[in-house]
Every structure is written in structure tokens, then in C-alpha cells.
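Asks: Dropping in coords.pdb, with PDB, C-alpha atoms and all ligand atoms.
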```pdb
ATOM      1  CA  ILE A   1      30.559   0.520  -8.202  1.00  0.00           C
ATOM      2  CA  SER A   2      28.731  -2.792  -8.373  1.00  0.00           C
ATOM      3  CA  CYS A   3      25.784  -3.144  -6.035  1.00  0.00           C
ATOM      4  CA  GLY A   4      24.362  -6.221  -4.410  1.00  0.00           C
ATOM      5  CA  VAL A   5      20.984  -6.041  -2.719  1.00  0.00           C
ATOM      6  CA  VAL A   6      19.817  -7.955   0.342  1.00  0.00           C
ATOM      7  CA  ILE A   7      16.053  -8.012   0.816  1.00  0.00           C
ATOM      8  CA  VAL A   8      15.114  -9.316   4.254  1.00  0.00           C
ATOM      9  CA  ALA A   9      11.796 -11.116   4.361  1.00  0.00           C
ATOM     10  CA  ALA A  10      12.187 -13.794   7.022  1.00  0.00           C
ATOM     11  CA  GLY A  11      10.076 -12.129   9.725  1.00  0.00           C
ATOM     12  CA  ARG A  12       6.821 -13.564  10.949  1.00  0.00           C
ATOM     13  CA  GLY A  13       4.978 -10.218  10.835  1.00  0.00           C
ATOM     14  CA  GLU A  14       3.219 -10.819  14.108  1.00  0.00           C
ATOM     15  CA  ARG A  15       2.278  -7.182  14.740  1.00  0.00           C
ATOM     16  CA  ALA A  16       0.133  -7.199  11.603  1.00  0.00           C
ATOM     17  CA  GLY A  17      -1.865 -10.178  12.922  1.00  0.00           C
ATOM     18  CA  ALA A  18      -2.370 -13.632  11.377  1.00  0.00           C
ATOM     19  CA  HIS A  19      -3.747 -13.738   7.839  1.00  0.00           C
ATOM     20  CA  ALA A  20      -4.531 -16.488   5.334  1.00  0.00           C
ATOM     21  CA  GLU A  21      -2.129 -14.932   2.783  1.00  0.00           C
ATOM     22  CA  GLY A  22       0.790 -15.463   5.222  1.00  0.00           C
ATOM     23  CA  PRO A  23       3.195 -12.999   6.897  1.00  0.00           C
ATOM     24  CA  LYS A  24       2.835  -9.330   5.913  1.00  0.00           C
ATOM     25  CA  GLN A  25       5.521  -9.451   3.192  1.00  0.00           C
ATOM     26  CA  TYR A  26       3.246 -11.871   1.282  1.00  0.00           C
ATOM     27  CA  ARG A  27      -0.005  -9.950   1.794  1.00  0.00           C
ATOM     28  CA  ARG A  28      -1.489  -8.655  -1.431  1.00  0.00           C
ATOM     29  CA  ILE A  29      -1.477  -4.933  -2.154  1.00  0.00           C
ATOM     30  CA  GLY A  30      -2.679  -3.734  -5.546  1.00  0.00           C
ATOM     31  CA  GLY A  31      -3.337  -7.424  -6.313  1.00  0.00           C
ATOM     32  CA  ARG A  32       0.259  -8.632  -5.773  1.00  0.00           C
ATOM     33  CA  PRO A  33       2.338  -9.682  -2.753  1.00  0.00           C
ATOM     34  CA  VAL A  34       4.178  -6.847  -0.977  1.00  0.00           C
ATOM     35  CA  ILE A  35       7.542  -8.510  -1.639  1.00  0.00           C
ATOM     36  CA  ALA A  36       6.856  -8.742  -5.386  1.00  0.00           C
ATOM     37  CA  HIS A  37       6.576  -4.937  -5.515  1.00  0.00           C
ATOM     38  CA  THR A  38       9.833  -4.544  -3.564  1.00  0.00           C
ATOM     39  CA  LEU A  39      11.716  -7.058  -5.734  1.00  0.00           C
ATOM     40  CA  ASP A  40      10.476  -5.447  -8.957  1.00  0.00           C
ATOM     41  CA  LEU A  41      11.771  -2.063  -7.885  1.00  0.00           C
ATOM     42  CA  PHE A  42      15.280  -3.332  -7.302  1.00  0.00           C
ATOM     43  CA  LEU A  43      15.302  -5.577 -10.376  1.00  0.00           C
ATOM     44  CA  ALA A  44      14.345  -2.550 -12.475  1.00  0.00           C
ATOM     45  CA  TRP A  45      17.172  -0.473 -10.992  1.00  0.00           C
ATOM     46  CA  SER A  46      20.062  -1.175 -13.323  1.00  0.00           C
ATOM     47  CA  PRO A  47      23.022  -0.803 -10.906  1.00  0.00           C
ATOM     48  CA  ALA A  48      21.655  -3.732  -8.853  1.00  0.00           C
ATOM     49  CA  CYS A  49      23.633  -6.670 -10.148  1.00  0.00           C
ATOM     50  CA  HIS A  50      22.614  -9.385  -7.772  1.00  0.00           C
ATOM     51  CA  ILE A  51      19.724  -9.660  -5.358  1.00  0.00           C
ATOM     52  CA  VAL A  52      19.450 -12.027  -2.420  1.00  0.00           C
ATOM     53  CA  ALA A  53      16.056 -12.561  -0.826  1.00  0.00           C
ATOM     54  CA  VAL A  54      16.255 -13.811   2.752  1.00  0.00           C
ATOM     55  CA  ILE A  55      13.183 -15.837   3.606  1.00  0.00           C
ATOM     56  CA  HIS A  56      11.842 -18.059   6.377  1.00  0.00           C
ATOM     57  CA  PRO A  57      12.133 -21.814   5.667  1.00  0.00           C
ATOM     58  CA  ASP A  58       8.357 -22.153   6.136  1.00  0.00           C
ATOM     59  CA  ASP A  59       7.727 -19.611   3.357  1.00  0.00           C
ATOM     60  CA  GLU A  60       9.365 -21.462   0.433  1.00  0.00           C
ATOM     61  CA  ALA A  61       6.078 -22.016  -1.383  1.00  0.00           C
ATOM     62  CA  LEU A  62       4.813 -18.482  -0.711  1.00  0.00           C
ATOM     63  CA  PHE A  63       8.049 -17.008  -2.009  1.00  0.00           C
ATOM     64  CA  ALA A  64       8.087 -19.259  -5.067  1.00  0.00           C
ATOM     65  CA  SER A  65       4.688 -17.962  -6.119  1.00  0.00           C
ATOM     66  CA  ALA A  66       5.556 -14.316  -5.366  1.00  0.00           C
ATOM     67  CA  ARG A  67       8.979 -14.100  -7.015  1.00  0.00           C
ATOM     68  CA  PRO A  68       9.644 -12.875 -10.511  1.00  0.00           C
ATOM     69  CA  ASP A  69      11.492 -15.274 -12.775  1.00  0.00           C
ATOM     70  CA  CYS A  70      14.991 -13.830 -12.892  1.00  0.00           C
ATOM     71  CA  ASP A  71      18.452 -15.368 -12.646  1.00  0.00           C
ATOM     72  CA  ARG A  72      19.857 -12.321 -10.825  1.00  0.00           C
ATOM     73  CA  LEU A  73      17.751 -13.299  -7.812  1.00  0.00           C
ATOM     74  CA  SER A  74      18.818 -15.941  -5.307  1.00  0.00           C
ATOM     75  CA  VAL A  75      17.276 -17.089  -2.049  1.00  0.00           C
ATOM     76  CA  VAL A  76      18.678 -17.984   1.368  1.00  0.00           C
ATOM     77  CA  HIS A  77      17.095 -18.748   4.717  1.00  0.00           C
ATOM     78  CA  GLY A  78      17.054 -16.148   7.483  1.00  0.00           C
ATOM     79  CA  GLY A  79      17.394 -16.381  11.248  1.00  0.00           C
ATOM     80  CA  ALA A  80      15.459 -15.625  14.402  1.00  0.00           C
ATOM     81  CA  THR A  81      16.220 -11.881  14.299  1.00  0.00           C
ATOM     82  CA  ARG A  82      16.450  -9.321  11.530  1.00  0.00           C
ATOM     83  CA  GLN A  83      20.147  -8.970  12.342  1.00  0.00           C
ATOM     84  CA  GLN A  84      20.735 -12.698  11.734  1.00  0.00           C
ATOM     85  CA  SER A  85      18.719 -12.593   8.536  1.00  0.00           C
ATOM     86  CA  VAL A  86      20.775  -9.701   7.168  1.00  0.00           C
ATOM     87  CA  LEU A  87      24.033 -11.488   7.986  1.00  0.00           C
ATOM     88  CA  ALA A  88      22.805 -14.599   6.139  1.00  0.00           C
ATOM     89  CA  GLY A  89      22.071 -12.420   3.095  1.00  0.00           C
ATOM     90  CA  LEU A  90      25.462 -10.699   3.281  1.00  0.00           C
ATOM     91  CA  GLU A  91      27.298 -14.018   3.552  1.00  0.00           C
ATOM     92  CA  ALA A  92      25.463 -15.266   0.471  1.00  0.00           C
ATOM     93  CA  LEU A  93      27.041 -12.423  -1.544  1.00  0.00           C
ATOM     94  CA  ALA A  94      30.599 -13.213  -0.423  1.00  0.00           C
ATOM     95  CA  ALA A  95      31.692 -14.672  -3.745  1.00  0.00           C
ATOM     96  CA  SER A  96      29.856 -12.133  -5.909  1.00  0.00           C
ATOM     97  CA  GLY A  97      32.623  -9.536  -6.216  1.00  0.00           C
ATOM     98  CA  ILE A  98      30.309  -6.608  -5.381  1.00  0.00           C
ATOM     99  CA  SER A  99      31.761  -3.383  -3.987  1.00  0.00           C
ATOM    100  CA  HIS A 100      28.610  -2.094  -2.274  1.00  0.00           C
ATOM    101  CA  VAL A 101      25.394  -3.502  -0.857  1.00  0.00           C
ATOM    102  CA  LEU A 102      21.916  -2.121  -0.254  1.00  0.00           C
ATOM    103  CA  ILE A 103      19.937  -3.720   2.571  1.00  0.00           C
ATOM    104  CA  GLN A 104      16.197  -3.409   2.225  1.00  0.00           C
ATOM    105  CA  ASP A 105      13.177  -4.454   4.276  1.00  0.00           C
ATOM    106  CA  ALA A 106      10.795  -6.451   2.070  1.00  0.00           C
ATOM    107  CA  VAL A 107       7.983  -4.590   3.811  1.00  0.00           C
ATOM    108  CA  ARG A 108       8.972  -1.209   2.312  1.00  0.00           C
ATOM    109  CA  PRO A 109       7.500  -1.640  -1.174  1.00  0.00           C
ATOM    110  CA  PHE A 110       7.376   2.094  -2.007  1.00  0.00           C
ATOM    111  CA  VAL A 111      11.091   2.911  -2.032  1.00  0.00           C
ATOM    112  CA  GLU A 112      11.695   5.419  -4.808  1.00  0.00           C
ATOM    113  CA  PRO A 113      14.436   5.269  -7.444  1.00  0.00           C
ATOM    114  CA  ALA A 114      15.432   8.800  -6.337  1.00  0.00           C
ATOM    115  CA  ILE A 115      16.500   7.404  -2.953  1.00  0.00           C
ATOM    116  CA  LEU A 116      18.586   4.731  -4.685  1.00  0.00           C
ATOM    117  CA  GLU A 117      20.187   7.380  -6.894  1.00  0.00           C
ATOM    118  CA  ARG A 118      21.027   9.570  -3.883  1.00  0.00           C
ATOM    119  CA  THR A 119      22.637   6.519  -2.291  1.00  0.00           C
ATOM    120  CA  LEU A 120      24.712   5.828  -5.375  1.00  0.00           C
ATOM    121  CA  ALA A 121      25.771   9.483  -5.547  1.00  0.00           C
ATOM    122  CA  ALA A 122      26.946   9.289  -1.920  1.00  0.00           C
ATOM    123  CA  PHE A 123      28.946   6.140  -2.701  1.00  0.00           C
ATOM    124  CA  ARG A 124      30.593   7.935  -5.608  1.00  0.00           C
ATOM    125  CA  THR A 125      31.822  10.656  -3.264  1.00  0.00           C
ATOM    126  CA  GLY A 126      33.324   8.028  -0.948  1.00  0.00           C
ATOM    127  CA  ALA A 127      30.620   7.385   1.645  1.00  0.00           C
ATOM    128  CA  GLU A 128      31.054   4.059   3.445  1.00  0.00           C
ATOM    129  CA  ALA A 129      27.547   3.970   4.868  1.00  0.00           C
ATOM    130  CA  VAL A 130      24.415   5.726   3.639  1.00  0.00           C
ATOM    131  CA  LEU A 131      21.126   6.084   5.478  1.00  0.00           C
ATOM    132  CA  PRO A 132      17.928   7.625   4.069  1.00  0.00           C
ATOM    133  CA  VAL A 133      16.015   9.577   6.702  1.00  0.00           C
ATOM    134  CA  VAL A 134      13.058  11.875   7.099  1.00  0.00           C
ATOM    135  CA  ALA A 135      12.877  14.671   9.650  1.00  0.00           C
ATOM    136  CA  VAL A 136      10.552  13.924  12.548  1.00  0.00           C
ATOM    137  CA  ALA A 137       7.366  15.931  12.028  1.00  0.00           C
ATOM    138  CA  ASP A 138       5.445  15.275  15.236  1.00  0.00           C
ATOM    139  CA  THR A 139       6.193  16.863  18.574  1.00  0.00           C
ATOM    140  CA  LEU A 140       7.850  14.215  20.731  1.00  0.00           C
ATOM    141  CA  LYS A 141       6.924  13.376  24.325  1.00  0.00           C
ATOM    142  CA  ARG A 142       8.709  11.166  26.799  1.00  0.00           C
ATOM    143  CA  ALA A 143       6.229   9.275  28.985  1.00  0.00           C
ATOM    144  CA  ASP A 144       6.513   8.398  32.647  1.00  0.00           C
ATOM    145  CA  ALA A 145       5.550   4.971  34.009  1.00  0.00           C
ATOM    146  CA  ASN A 146       1.952   6.125  34.630  1.00  0.00           C
ATOM    147  CA  GLY A 147       1.168   7.217  31.096  1.00  0.00           C
ATOM    148  CA  HIS A 148       1.667  10.927  31.708  1.00  0.00           C
ATOM    149  CA  VAL A 149       4.014  13.269  29.925  1.00  0.00           C
ATOM    150  CA  ALA A 150       7.365  13.407  31.677  1.00  0.00           C
ATOM    151  CA  GLU A 151       8.844  15.892  29.224  1.00  0.00           C
ATOM    152  CA  THR A 152       8.696  17.306  25.724  1.00  0.00           C
ATOM    153  CA  VAL A 153      11.722  16.216  23.710  1.00  0.00           C
ATOM    154  CA  SER A 154      13.210  18.641  21.210  1.00  0.00           C
ATOM    155  CA  ARG A 155      12.959  17.222  17.704  1.00  0.00           C
ATOM    156  CA  ALA A 156      15.818  19.396  16.441  1.00  0.00           C
ATOM    157  CA  GLY A 157      18.309  17.104  14.726  1.00  0.00           C
ATOM    158  CA  LEU A 158      16.086  14.025  15.069  1.00  0.00           C
ATOM    159  CA  PHE A 159      15.332  11.843  12.067  1.00  0.00           C
ATOM    160  CA  ALA A 160      13.474   8.608  11.389  1.00  0.00           C
ATOM    161  CA  ALA A 161      15.603   5.948   9.660  1.00  0.00           C
ATOM    162  CA  GLN A 162      14.364   4.178   6.523  1.00  0.00           C
ATOM    163  CA  THR A 163      15.755   1.508   4.209  1.00  0.00           C
ATOM    164  CA  PRO A 164      17.644   0.751   2.016  1.00  0.00           C
ATOM    165  CA  GLN A 165      20.598   1.160   4.334  1.00  0.00           C
ATOM    166  CA  SER A 166      23.650   0.901   2.167  1.00  0.00           C
ATOM    167  CA  PHE A 167      27.318   0.245   2.693  1.00  0.00           C
ATOM    168  CA  ARG A 168      30.647  -0.612   1.238  1.00  0.00           C
ATOM    169  CA  TYR A 169      30.247  -4.372   1.172  1.00  0.00           C
ATOM    170  CA  PRO A 170      33.440  -5.448   3.017  1.00  0.00           C
ATOM    171  CA  THR A 171      32.790  -2.826   5.717  1.00  0.00           C
ATOM    172  CA  ILE A 172      29.296  -4.007   6.644  1.00  0.00           C
ATOM    173  CA  LEU A 173      30.107  -7.702   6.273  1.00  0.00           C
ATOM    174  CA  GLU A 174      32.953  -7.336   8.755  1.00  0.00           C
ATOM    175  CA  ALA A 175      30.895  -5.208  11.142  1.00  0.00           C
ATOM    176  CA  HIS A 176      28.024  -7.735  11.075  1.00  0.00           C
ATOM    177  CA  ARG A 177      30.387 -10.668  11.638  1.00  0.00           C
ATOM    178  CA  ARG A 178      32.047  -8.875  14.545  1.00  0.00           C
ATOM    179  CA  ALA A 179      28.699  -7.966  16.114  1.00  0.00           C
ATOM    180  CA  ALA A 180      27.566 -11.597  15.930  1.00  0.00           C
ATOM    181  CA  ALA A 181      30.893 -12.921  17.245  1.00  0.00           C
ATOM    182  CA  SER A 182      30.797 -10.566  20.208  1.00  0.00           C
ATOM    183  CA  GLY A 183      27.295 -11.645  21.170  1.00  0.00           C
ATOM    184  CA  ARG A 184      25.611  -8.365  20.173  1.00  0.00           C
ATOM    185  CA  GLY A 185      22.324  -9.565  18.760  1.00  0.00           C
ATOM    186  CA  ASP A 186      20.179  -6.584  19.679  1.00  0.00           C
ATOM    187  CA  PHE A 187      20.671  -4.220  16.743  1.00  0.00           C
ATOM    188  CA  THR A 188      17.436  -3.241  15.050  1.00  0.00           C
ATOM    189  CA  ASP A 189      19.026  -1.783  11.945  1.00  0.00           C
ATOM    190  CA  ASP A 190      22.252  -2.044  10.004  1.00  0.00           C
ATOM    191  CA  ALA A 191      23.265   1.590  10.351  1.00  0.00           C
ATOM    192  CA  ALA A 192      23.414   0.961  14.120  1.00  0.00           C
ATOM    193  CA  ILE A 193      25.878  -1.869  13.503  1.00  0.00           C
ATOM    194  CA  ALA A 194      28.013   0.411  11.340  1.00  0.00           C
ATOM    195  CA  GLU A 195      27.906   3.098  14.067  1.00  0.00           C
ATOM    196  CA  TRP A 196      28.924   0.489  16.656  1.00  0.00           C
ATOM    197  CA  ALA A 197      31.847  -0.508  14.429  1.00  0.00           C
ATOM    198  CA  GLY A 198      32.977   3.131  14.209  1.00  0.00           C
ATOM    199  CA  VAL A 199      31.869   3.727  10.617  1.00  0.00           C
ATOM    200  CA  ARG A 200      30.588   7.189   9.701  1.00  0.00           C
ATOM    201  CA  VAL A 201      27.039   7.005   8.391  1.00  0.00           C
ATOM    202  CA  GLN A 202      26.046   9.632   5.826  1.00  0.00           C
ATOM    203  CA  LEU A 203      22.436  10.795   5.845  1.00  0.00           C
ATOM    204  CA  VAL A 204      20.552  11.261   2.597  1.00  0.00           C
ATOM    205  CA  GLU A 205      16.991  12.388   2.077  1.00  0.00           C
ATOM    206  CA  GLY A 206      14.446   9.557   2.305  1.00  0.00           C
ATOM    207  CA  SER A 207      10.799  10.109   1.516  1.00  0.00           C
ATOM    208  CA  ALA A 208       7.527  10.266   3.383  1.00  0.00           C
ATOM    209  CA  GLY A 209       6.069   7.738   0.937  1.00  0.00           C
ATOM    210  CA  ASN A 210       8.729   5.124   1.735  1.00  0.00           C
ATOM    211  CA  VAL A 211       6.678   3.674   4.576  1.00  0.00           C
ATOM    212  CA  LYS A 212       7.266   0.412   6.412  1.00  0.00           C
ATOM    213  CA  LEU A 213       4.237  -1.845   6.510  1.00  0.00           C
ATOM    214  CA  THR A 214       3.995  -2.969  10.126  1.00  0.00           C
ATOM    215  CA  LEU A 215       0.367  -3.116  11.204  1.00  0.00           C
ATOM    216  CA  GLN A 216      -2.800  -4.326   9.490  1.00  0.00           C
ATOM    217  CA  LYS A 217      -3.822  -0.696   8.882  1.00  0.00           C
ATOM    218  CA  ASP A 218      -0.533  -0.059   7.018  1.00  0.00           C
ATOM    219  CA  ILE A 219      -1.314  -2.918   4.641  1.00  0.00           C
ATOM    220  CA  ALA A 220      -4.850  -1.651   4.092  1.00  0.00           C
ATOM    221  CA  MET A 221      -3.545   1.854   3.342  1.00  0.00           C
ATOM    222  CA  ALA A 222      -0.884   0.512   0.956  1.00  0.00           C
ATOM    223  CA  ASP A 223      -3.536  -1.489  -0.886  1.00  0.00           C
ATOM    224  CA  GLN A 224      -5.735   1.588  -1.168  1.00  0.00           C
ATOM    225  CA  ARG A 225      -2.817   3.683  -2.393  1.00  0.00           C
ATOM    226  CA  LEU A 226      -2.071   1.223  -5.210  1.00  0.00           C
ATOM    227  CA  SER A 227      -5.683   0.579  -6.101  1.00  0.00           C
ATOM    228  CA  SER A 228      -6.509   4.275  -6.393  1.00  0.00           C
ATOM    229  CA  ALA A 229      -3.461   4.705  -8.658  1.00  0.00           C
ATOM    230  CA  LEU A 230      -4.882   2.194 -11.144  1.00  0.00           C
ATOM    231  CA  PRO A 231      -6.548   3.621 -14.269  1.00  0.00           C
TER     232      PRO A 231
HETATM  233  O1  LIG A 301       9.818  -7.053  12.210  1.00  0.00           O
HETATM  234  P1  LIG A 301      10.209  -5.872  11.410  1.00  0.00           P
HETATM  235  O2  LIG A 301       9.032  -5.129  10.867  1.00  0.00           O
HETATM  236  O3  LIG A 301      11.229  -4.986  12.063  1.00  0.00           O
HETATM  237  O4  LIG A 301      10.958  -6.482  10.160  1.00  0.00           O
HETATM  238  C1  LIG A 301      11.615  -5.694   9.207  1.00  0.00           C
HETATM  239  C2  LIG A 301      12.042  -6.592   8.057  1.00  0.00           C
HETATM  240  O5  LIG A 301      12.957  -7.571   8.528  1.00  0.00           O
HETATM  241  C3  LIG A 301      10.856  -7.373   7.443  1.00  0.00           C
HETATM  242  O6  LIG A 301      10.966  -7.315   6.029  1.00  0.00           O
HETATM  243  C4  LIG A 301      11.029  -8.760   8.002  1.00  0.00           C
HETATM  244  O7  LIG A 301      10.543  -9.791   7.143  1.00  0.00           O
HETATM  245  C5  LIG A 301      12.542  -8.870   8.165  1.00  0.00           C
HETATM  246  N1  LIG A 301      12.942  -9.844   9.209  1.00  0.00           N
HETATM  247  C6  LIG A 301      13.755 -10.927   8.855  1.00  0.00           C
HETATM  248  N2  LIG A 301      14.093 -11.860   9.799  1.00  0.00           N
HETATM  249  C7  LIG A 301      13.633 -11.768  11.062  1.00  0.00           C
HETATM  250  C8  LIG A 301      12.808 -10.658  11.444  1.00  0.00           C
HETATM  251  C9  LIG A 301      12.496  -9.698  10.487  1.00  0.00           C
HETATM  252  O8  LIG A 301      14.164 -11.024   7.696  1.00  0.00           O
HETATM  253  N3  LIG A 301      13.940 -12.728  11.930  1.00  0.00           N
END
```
Rewrite the structure of this file - the entire thing - as C-alpha cells.
Replies:
Amino acid sequence: ISCGVVIVAAGRGERAGAHAEGPKQYRRIGGRPVIAHTLDLFLAWSPACHIVAVIHPDDEALFASARPDCDRLSVVHGGATRQQSVLAGLEALAASGISHVLIQDAVRPFVEPAILERTLAAFRTGAEAVLPVVAVADTLKRADANGHVAETVSRAGLFAAQTPQSFRYPTILEAHRRAAASGRGDFTDDAAIAEWAGVRVQLVEGSAGNVKLTLQKDIAMADQRLSSALP
């Protein structure tokens, strides 16, 4: 098994609000940009042979100052949607000879090595697609158009999807290419593209700490979490 990694970081981060440090993947937590934490984690994980960061063309300078100096890391430009950005990253690995690929949101800087190891273990037993999840803890309500509860939804069998979402490389490259060619540009994650292509997706345990930084408050909490961990 040889693993490539695609780290998508080409979003504009609009839900987190504008900030002088740039989009949320470049905001500083624990004194360093979010994406630097994410890159370090994958660079330290030895099965990751090659890493592609997918960035926005406007963020060249931001990325250059955030990136570690490492020749296993290359950079390509993303697209208007996450789906397009992932495909750009996958295409960039076409000549690399990898057998598997992990696709990670730059804005999940707390992914744990244990999740990566569970993914690798699933690959070794033949999984084509691996998705880390956590069980939904809250009681779920469906709302009506007037902001009232229409019904309580059973949470039995419901999980929240995390990243990295990981695949046999030829399988996900083909599925992504087919989705793009058939005009399906509305997938919000890569497991959904695999499902659409008829690939069985194996669930592995994610972790509550592997949060996605979406809003300003998420960034503030992440910063606090890292700062309080300092000696
Ligand atoms: O916007 P959202 O929070 O879903 O983005 C998840 C990840 O996808 C982020 O790391 C973001 O930078 C990336 N993304 C991207 N290209 C886009 C939109 C999002 O690489 N056009």
C-alpha cells in the first residue's frame, strides 16, 4: 500500500467571516496557520508518500509562508467547489504510482494518527473506500417551514462523516471523473461520490476531537485548545 494525500484548502471560508489573516485555513491557532498543523500531521505519518495541497490562486503567498519545507509536498490550484478542488488534487497524483489516497479537509487540523491507522487497516483487509464517522449524539428534529418541530428523527444508525475519506486511488479518480463528466457537481464529500459510483464505503471510528473548523467560534475554540495544551 502506498498512500497519496490530497489536502483541500481552496475554499474562501466565508462562513467564518473575513479576517486579516485570510481564509480560515490560514488563521492562526496555537500560533500557526490551521493548514500548517494539518500538513504536519500527514507529513509525520510515514505511509504518506506524497502530499498534494490544493489551494486558491489568490492564496499563493499565504500558502508559501504556511507550508513546511518538504519535497514530498506539491501544490495545485483548486476550483469553484470542493468537488472540483478534490479532482484537481487527484489528477495531480496520476503519475505518482500510489495505490490509495486519503482526502483531507485542511480545516480539520486535529485528525488523529489512530484514525489514519484504522484507515490503513481497512485497506489491508480489502476496503475500497473508508469513511471515519462518529455516532450522532444529539436528538434530531426535522423542522417545518415555520420553525416548528415537524417530527423527531430517530438517530439509530445515523453518523456524522469526517475526513480523511480514503479510497483505492484508481477507484476514486474514475468516480470523480465520471461525476464531473456527467454534470454532477453537487457532491459535498467524496464518500458520496463513491456511493454514487456503486462503491461500498466501509465505516471506521472517527473521533469527537476531529472537528471541522467552520465558524469563527470554531477557530477560537481550536486556538484555546492548543494554547491550553502548551506547557
Ligand atoms: O467550505 P467547506 O468548509 O465545506 O470546505 C471544506 C474544505 O474544502 C476546506 O478545507 C476548504 O478549503 C476546501 N474547499 C476547496 N475548494 C473549494 C471549497 C472548499 O478546496 N472550492
Asks: Once the PyMOL selection byres (((chain A and resi 94) around 12) and not hetatm) has been applied to the shown file, what residues remain in the selection, as a compact mmCIF listing (two decimals) with C-alpha atoms, keeping the file's coordinate frame?
Replies:
```
# COMPACT_ATOMS: atom_id res chain seq x y z
CA GLY A 4 24.36 -6.22 -4.41
CA HIS A 50 22.61 -9.38 -7.77
CA VAL A 52 19.45 -12.03 -2.42
CA LEU A 87 24.03 -11.49 7.99
CA ALA A 88 22.80 -14.60 6.14
CA GLY A 89 22.07 -12.42 3.10
CA LEU A 90 25.46 -10.70 3.28
CA GLU A 91 27.30 -14.02 3.55
CA ALA A 92 25.46 -15.27 0.47
CA LEU A 93 27.04 -12.42 -1.54
CA ALA A 95 31.69 -14.67 -3.74
CA SER A 96 29.86 -12.13 -5.91
CA GLY A 97 32.62 -9.54 -6.22
CA ILE A 98 30.31 -6.61 -5.38
CA SER A 99 31.76 -3.38 -3.99
CA HIS A 100 28.61 -2.09 -2.27
CA VAL A 101 25.39 -3.50 -0.86
CA TYR A 169 30.25 -4.37 1.17
CA PRO A 170 33.44 -5.45 3.02
CA ILE A 172 29.30 -4.01 6.64
CA LEU A 173 30.11 -7.70 6.27
CA GLU A 174 32.95 -7.34 8.76
```
Asks: Compute the set of protein, DNA and RNA residues whose minimum atom distance to ligand LIG 301 (chain A) is at most 8 Å, using all atoms listed in the file, and state it as a ChimeraX atom specification.
Replies: /A:7-15,24-25,54-56,78-86,104-108,188,212-214
Asks: With the PyMOL selection byres (((chain A and resi 208) around 12) and not hetatm) as the selection, what would be picked from this file? Answer as a list of chain:residue names, please.
Replies: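 Here the PyMOL selection byres (((chain A and resi 208) around 12) and not hetatm) matches A:Arg108, A:Phe110, A:Val111, A:Glu112, A:Ile115, A:Pro132, A:Val133, A:Val134, A:Ala135, A:Val136, A:Ala137, A:Phe159, A:Ala160, A:Ala161, A:Gln162, A:Glu205, A:Gly206, A:Ser207, A:Gly209, A:Asn210, A:Val211, A:Lys212.
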Asks: Find the residues around Ala220 in chain A up to 8 Å (only C-alpha atoms counted), leave out those fewer than 4 positions away in its own chain, and share them as a ChimeraX atom specification.
Replies: /A:29,216,224
Asks: I need the residue set behind the PyMOL selection byres (((chain A and resi 179-183) around 10) and not hetatm) for this file; please write it as a PyMOL selection string.
Replies: chain A and resi 83-84+87+173-178+184-187+193-194+196-197
Asks: Point out the residue among A:Val75, A:Ala66, A:Ala61, A:Leu116 with the least atom-to-atom distance to Tyr26 in chain A, counting only C-alpha atoms.
Replies: A:Ala66
Asks: Please compute the CA of Gln202 in chain A-CA of Val5 in chain A distance, one decimal, in Å.
Replies: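 Interatomic distance, CA of Gln202 in chain A to CA of Val5 in chain A: 18.6 Å.
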Asks: Of the residues A:Val76, A:Ala114, A:Arg28, A:Glu21, which is the one nearest to Leu41 in chain A, using all atoms listed in the file?
Replies: A:Ala114
Asks: Please indicate the distance in Å from CA of Asp71 in chain A to CA of Phe123 in chain A, rounded to one decimal place.
Replies: 25.9 Å
